[in-house]
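Source file: protein_3.tsv; contents: TSV, C-alpha atoms and all ligand atoms.
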```tsv
chain	number	residue	atom	x	y	z
D	18	MET	CA	188.06	238.65	-45.17
D	19	ILE	CA	185.78	238.63	-42.18
D	20	ASP	CA	185.06	242.12	-40.88
D	21	MET	CA	184.89	241.33	-37.19
D	22	ALA	CA	183.95	244.83	-36.11
D	23	ALA	CA	181.08	245.05	-38.61
D	24	LEU	CA	179.81	241.61	-37.58
D	25	ILE	CA	179.85	242.42	-33.87
D	26	ASP	CA	178.21	245.76	-34.59
D	27	ALA	CA	175.40	244.00	-36.46
D	28	ALA	CA	174.84	241.70	-33.47
D	29	PHE	CA	174.80	244.70	-31.15
D	30	GLU	CA	172.28	246.53	-33.31
D	31	VAL	CA	169.84	243.62	-33.74
D	32	LYS	CA	169.93	242.96	-30.01
D	33	LYS	CA	167.78	246.10	-29.73
D	34	ARG	CA	164.97	244.20	-31.45
D	35	SER	CA	165.09	241.27	-29.02
D	36	TYR	CA	161.72	240.15	-27.69
D	37	SER	CA	162.66	239.06	-24.20
D	38	PRO	CA	159.99	240.23	-21.74
D	39	TYR	CA	160.43	237.17	-19.49
D	40	SER	CA	164.19	237.02	-18.99
D	41	GLN	CA	164.91	240.69	-19.79
D	42	PHE	CA	168.07	239.26	-21.33
D	43	ALA	CA	168.38	240.65	-24.84
D	44	VAL	CA	170.72	238.82	-27.22
D	45	GLY	CA	171.79	239.65	-30.76
D	46	ALA	CA	173.60	237.37	-33.18
D	47	ALA	CA	175.10	237.93	-36.61
D	48	LEU	CA	176.42	235.42	-39.13
D	49	TRP	CA	179.11	236.17	-41.66
D	50	CYS	CA	178.11	234.20	-44.75
D	51	GLU	CA	180.42	232.78	-47.39
D	52	ASP	CA	179.60	235.59	-49.83
D	53	GLY	CA	180.44	238.25	-47.24
D	54	SER	CA	176.88	239.13	-46.37
D	55	ILE	CA	175.71	239.46	-42.78
D	56	VAL	CA	172.47	237.93	-41.52
D	57	VAL	CA	171.19	238.74	-38.04
D	58	GLY	CA	168.85	237.28	-35.43
D	59	CYS	CA	167.66	238.12	-31.94
D	60	ASN	CA	166.11	236.04	-29.20
D	61	VAL	CA	162.32	235.69	-29.33
D	62	GLU	CA	160.73	234.54	-26.09
D	63	ASN	CA	157.32	233.06	-25.43
D	64	ALA	CA	154.83	232.84	-22.56
D	65	SER	CA	155.50	229.11	-22.76
D	66	TYR	CA	159.13	229.64	-21.73
D	67	PRO	CA	160.79	226.57	-23.31
D	68	VAL	CA	159.45	227.54	-26.72
D	69	SER	CA	161.71	230.60	-26.73
D	70	LEU	CA	164.17	230.95	-29.57
D	71	CYS	CA	167.80	231.95	-29.10
D	72	ALA	CA	169.34	234.71	-31.18
D	73	GLU	CA	171.84	232.32	-32.78
D	74	ARG	CA	169.19	229.92	-34.05
D	75	ALA	CA	167.05	232.83	-35.26
D	76	ALA	CA	170.05	234.04	-37.29
D	77	VAL	CA	170.64	230.57	-38.75
D	78	ALA	CA	166.99	230.23	-39.75
D	79	ALA	CA	166.96	233.66	-41.39
D	80	ALA	CA	170.22	232.98	-43.24
D	81	VAL	CA	169.11	229.59	-44.55
D	82	ALA	CA	165.83	231.12	-45.73
D	83	LEU	CA	167.90	233.66	-47.68
D	84	GLY	CA	169.83	230.83	-49.34
D	85	HIS	CA	173.01	230.76	-47.23
D	86	ARG	CA	174.51	227.43	-46.22
D	87	LYS	CA	178.06	228.27	-45.21
D	88	PHE	CA	178.99	230.58	-42.38
D	89	LEU	CA	182.52	231.72	-41.68
D	90	ALA	CA	181.84	233.49	-38.41
D	91	LEU	CA	179.23	234.27	-35.78
D	92	ALA	CA	179.07	237.21	-33.41
D	93	VAL	CA	177.01	237.18	-30.22
D	94	VAL	CA	176.30	240.21	-28.04
D	95	ALA	CA	174.20	240.19	-24.88
D	96	GLY	CA	174.91	242.05	-21.62
D	97	GLN	CA	178.01	243.30	-19.86
D	98	HIS	CA	179.75	239.93	-20.11
D	99	PRO	CA	180.47	237.85	-23.20
D	100	VAL	CA	178.10	234.91	-23.62
D	101	THR	CA	178.79	231.82	-25.68
D	102	PRO	CA	176.03	230.01	-27.61
D	103	CYS	CA	173.99	227.49	-25.61
D	104	GLY	CA	174.39	223.78	-26.27
D	105	ALA	CA	171.39	223.55	-28.59
D	106	CYS	CA	172.65	226.47	-30.68
D	107	ARG	CA	176.14	224.98	-30.87
D	108	GLN	CA	174.63	221.85	-32.39
D	109	VAL	CA	172.53	223.85	-34.88
D	110	LEU	CA	175.57	225.93	-35.90
D	111	ARG	CA	177.69	222.79	-36.27
D	112	GLU	CA	175.38	221.58	-39.01
D	113	PHE	CA	176.89	224.26	-41.21
D	114	GLY	CA	180.53	223.46	-40.55
D	115	GLU	CA	183.37	225.15	-38.79
D	116	MET	CA	183.21	228.86	-37.97
D	117	THR	CA	184.81	231.40	-35.70
D	118	VAL	CA	182.64	232.61	-32.83
D	119	PHE	CA	183.07	236.15	-31.47
D	120	CYS	CA	181.43	236.68	-28.08
D	121	ALA	CA	181.48	240.34	-27.11
D	122	ALA	CA	180.38	242.27	-24.06
D	123	ALA	CA	177.96	245.07	-24.98
D	124	ASP	CA	180.22	247.71	-23.45
D	125	ASP	CA	183.43	246.38	-24.99
D	126	LEU	CA	182.58	245.36	-28.55
D	127	GLN	CA	186.20	245.66	-29.72
D	128	HIS	CA	187.55	242.93	-27.48
D	129	PRO	CA	185.49	239.76	-27.94
D	130	GLU	CA	186.31	236.30	-26.70
D	131	VAL	CA	187.16	234.27	-29.80
D	132	TYR	CA	186.48	230.55	-30.22
D	133	GLU	CA	186.34	228.01	-32.98
D	134	LEU	CA	182.97	226.26	-32.99
D	135	SER	CA	184.76	222.89	-32.88
D	136	ALA	CA	186.30	223.93	-29.56
D	137	LEU	CA	182.87	224.86	-28.16
D	138	LEU	CA	181.37	221.57	-29.35
D	139	PRO	CA	184.08	218.91	-29.54
D	140	HIS	CA	183.40	215.37	-30.78
D	141	SER	CA	180.14	216.57	-32.28
D	142	PHE	CA	177.50	214.57	-34.04
D	143	ASP	CA	177.32	216.14	-37.47
D	144	LEU	CA	176.40	215.68	-41.10
D	145	GLU	CA	179.34	213.30	-41.71
D	146	ALA	CA	178.60	211.20	-38.65
D	147	SER	CA	174.94	210.83	-39.59
D	148	ARG	CA	175.68	209.34	-43.05
N	201	LIG	N1	169.86	233.30	-25.20
N	201	LIG	C1	170.26	233.52	-26.49
N	201	LIG	O1	169.50	234.04	-27.32
N	201	LIG	N2	171.53	233.17	-26.83
N	201	LIG	C2	172.48	232.72	-25.96
N	201	LIG	O2	173.60	232.48	-26.37
N	201	LIG	C3	172.13	232.53	-24.55
N	201	LIG	C4	170.70	232.66	-24.22
N	201	LIG	C5	168.54	233.76	-24.79
N	201	LIG	C6	167.53	232.70	-24.51
N	201	LIG	C7	166.58	233.46	-23.60
N	201	LIG	O3	165.68	234.22	-24.40
N	201	LIG	C8	167.47	234.43	-22.85
N	201	LIG	O4	168.66	234.53	-23.62
N	201	LIG	C9	167.82	234.00	-21.44
N	201	LIG	O5	168.34	232.73	-21.41
```
Please express what this file holds, its structure, as C-alpha cells.
Amino acid sequence: MIDMAALIDAAFEVKKRSYSPYSQFAVGAALWCEDGSIVVGCNVENASYPVSLCAERAAVAAAVALGHRKFLALAVVAGQHPVTPCGACRQVLREFGEMTVFCAAADDLQHPEVYELSALLPHSFDLEASR
C-alpha cells in the first residue's frame, strides 16, 4: 500500500536540500519503490543553466543506483502551487512503467493533485515501442 502522506513528506523534506541558486525554485521528489522503500531527489542547478538536473530525474538516478527498477508512485513538492514533472522527466519516469504522480503545494501537502503518468505523457515512446 502506498503511503501517500509519507511519500509527500519525503519530497517536502528533501526539497530543503535543493541546490537552486539560479532559479531560487527548490523542488523535492520522492519515489515509492516496489518494495515499499522511498528514494528522494532534489533539483541540482548549474552555472551552465541547461545542465541543471530536475528533482524527479535525480530521484530516478538515485533509486536505480540503489537497485530499484519499478516505481509505484512519485511525489513532487515545490512552491505554493502544485507542479507536475517537466516533459523530459515524464519521459525518464515512463521508462520504468506506470505510476501515480502526487503533485502537492508546499503549504497544503495533504491535498495533492493526482495523475497517472500515462495521462501526463500519453502515446509515449517507451521500452516496448523501442523493441
Ligand atoms: N524543476 C524540477 O526540479 N522539477 C520540476 O518538476 C519542474 C522544474 C526545477 C528545474 C530548475 O532547477 C527549477 O526547477 C526551475 O525550473
Could you give me, as a tab-separated table, every chain D residue with an atom at most 7 Å from ligand LIG 201 (chain N), plus its closest atom pair and distance in Å to one decimal, counting all atoms listed in the file, rows ordered by chain then number?
```
residue	atom	partner	partner_atom	distance
D:Ser37	CA	N:LIG201	O3	5.7
D:Ser40	CA	N:LIG201	C9	5.3
D:Phe42	CA	N:LIG201	C8	5.1
D:Ala43	CA	N:LIG201	O4	6.2
D:Val44	CA	N:LIG201	O1	4.9
D:Gly45	CA	N:LIG201	O1	7.0
D:Cys59	CA	N:LIG201	O1	6.4
D:Asn60	CA	N:LIG201	O1	4.4
D:Val61	CA	N:LIG201	O3	6.1
D:Glu62	CA	N:LIG201	O3	5.2
D:Ser69	CA	N:LIG201	O3	5.9
D:Leu70	CA	N:LIG201	O3	6.3
D:Cys71	CA	N:LIG201	O1	3.2
D:Ala72	CA	N:LIG201	O1	3.9
D:Glu73	CA	N:LIG201	N2	6.0
D:Val93	CA	N:LIG201	O2	7.0
D:Val100	CA	N:LIG201	O2	5.8
D:Thr101	CA	N:LIG201	O2	5.3
D:Pro102	CA	N:LIG201	O2	3.7
D:Cys103	CA	N:LIG201	O2	5.1
```
Handout entry: Among the residues D:Leu134, D:Cys106, D:Ala123, D:Ala82, the one that comes closest to Lys33 of chain D [using only C-alpha atoms]
Key = D:Ala123
Handout entry: Separation of atom CA of Pro38 of chain D from atom CA of Ala23 of chain D in Å
Key = 27.4 Å
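Taking all atoms listed in the file into account, Ser35 of chain D lies nearest to D:Val94 out of the set D:Gly53, D:Val94, D:Arg107, D:Cys120.
Among the candidates D:Phe142, D:Phe113, D:Tyr66, D:Trp49, the residue lying nearest to Ala22 of chain D is D:Trp49 (atoms considered: only C-alpha atoms).
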Output as a PDB file, keeping the file's coordinate frame: segment 96-114 of chain D, completed with N, CA and C atoms.
```pdb
ATOM      1  N   GLY D  96     174.762 241.017 -22.646  1.00  0.00           N
ATOM      2  CA  GLY D  96     174.910 242.050 -21.620  1.00  0.00           C
ATOM      3  C   GLY D  96     176.348 242.497 -21.415  1.00  0.00           C
ATOM      4  N   GLN D  97     176.684 242.737 -20.179  1.00  0.00           N
ATOM      5  CA  GLN D  97     178.010 243.300 -19.860  1.00  0.00           C
ATOM      6  C   GLN D  97     179.106 242.258 -19.818  1.00  0.00           C
ATOM      7  N   HIS D  98     178.738 240.986 -20.033  1.00  0.00           N
ATOM      8  CA  HIS D  98     179.750 239.930 -20.110  1.00  0.00           C
ATOM      9  C   HIS D  98     179.548 239.160 -21.407  1.00  0.00           C
ATOM     10  N   PRO D  99     180.618 238.657 -21.990  1.00  0.00           N
ATOM     11  CA  PRO D  99     180.470 237.850 -23.200  1.00  0.00           C
ATOM     12  C   PRO D  99     179.688 236.576 -22.890  1.00  0.00           C
ATOM     13  N   VAL D 100     178.771 236.205 -23.779  1.00  0.00           N
ATOM     14  CA  VAL D 100     178.100 234.910 -23.620  1.00  0.00           C
ATOM     15  C   VAL D 100     178.400 234.055 -24.848  1.00  0.00           C
ATOM     16  N   THR D 101     178.581 232.773 -24.599  1.00  0.00           N
ATOM     17  CA  THR D 101     178.790 231.820 -25.680  1.00  0.00           C
ATOM     18  C   THR D 101     177.458 231.160 -26.013  1.00  0.00           C
ATOM     19  N   PRO D 102     177.297 230.660 -27.238  1.00  0.00           N
ATOM     20  CA  PRO D 102     176.030 230.010 -27.610  1.00  0.00           C
ATOM     21  C   PRO D 102     175.705 228.829 -26.702  1.00  0.00           C
ATOM     22  N   CYS D 103     174.417 228.623 -26.446  1.00  0.00           N
ATOM     23  CA  CYS D 103     173.990 227.490 -25.610  1.00  0.00           C
ATOM     24  C   CYS D 103     174.252 226.183 -26.368  1.00  0.00           C
ATOM     25  N   GLY D 104     174.097 225.091 -25.675  1.00  0.00           N
ATOM     26  CA  GLY D 104     174.390 223.780 -26.270  1.00  0.00           C
ATOM     27  C   GLY D 104     173.555 223.491 -27.507  1.00  0.00           C
ATOM     28  N   ALA D 105     172.269 223.813 -27.440  1.00  0.00           N
ATOM     29  CA  ALA D 105     171.390 223.550 -28.590  1.00  0.00           C
ATOM     30  C   ALA D 105     171.835 224.364 -29.793  1.00  0.00           C
ATOM     31  N   CYS D 106     172.199 225.617 -29.565  1.00  0.00           N
ATOM     32  CA  CYS D 106     172.650 226.470 -30.680  1.00  0.00           C
ATOM     33  C   CYS D 106     173.982 225.991 -31.238  1.00  0.00           C
ATOM     34  N   ARG D 107     174.858 225.505 -30.383  1.00  0.00           N
ATOM     35  CA  ARG D 107     176.140 224.980 -30.870  1.00  0.00           C
ATOM     36  C   ARG D 107     175.881 223.837 -31.859  1.00  0.00           C
ATOM     37  N   GLN D 108     174.947 222.974 -31.513  1.00  0.00           N
ATOM     38  CA  GLN D 108     174.630 221.850 -32.390  1.00  0.00           C
ATOM     39  C   GLN D 108     174.027 222.338 -33.714  1.00  0.00           C
ATOM     40  N   VAL D 109     173.154 223.310 -33.650  1.00  0.00           N
ATOM     41  CA  VAL D 109     172.530 223.850 -34.880  1.00  0.00           C
ATOM     42  C   VAL D 109     173.594 224.521 -35.759  1.00  0.00           C
ATOM     43  N   LEU D 110     174.493 225.271 -35.143  1.00  0.00           N
ATOM     44  CA  LEU D 110     175.570 225.930 -35.900  1.00  0.00           C
ATOM     45  C   LEU D 110     176.488 224.896 -36.534  1.00  0.00           C
ATOM     46  N   ARG D 111     176.766 223.832 -35.818  1.00  0.00           N
ATOM     47  CA  ARG D 111     177.690 222.790 -36.270  1.00  0.00           C
ATOM     48  C   ARG D 111     177.228 222.148 -37.578  1.00  0.00           C
ATOM     49  N   GLU D 112     175.938 222.137 -37.777  1.00  0.00           N
ATOM     50  CA  GLU D 112     175.380 221.580 -39.010  1.00  0.00           C
ATOM     51  C   GLU D 112     175.980 222.252 -40.246  1.00  0.00           C
ATOM     52  N   PHE D 113     176.401 223.484 -40.079  1.00  0.00           N
ATOM     53  CA  PHE D 113     176.890 224.260 -41.210  1.00  0.00           C
ATOM     54  C   PHE D 113     178.406 224.416 -41.203  1.00  0.00           C
ATOM     55  N   GLY D 114     179.074 223.531 -40.480  1.00  0.00           N
ATOM     56  CA  GLY D 114     180.530 223.460 -40.550  1.00  0.00           C
ATOM     57  C   GLY D 114     181.247 224.285 -39.508  1.00  0.00           C
TER      58      GLY D 114
END
```
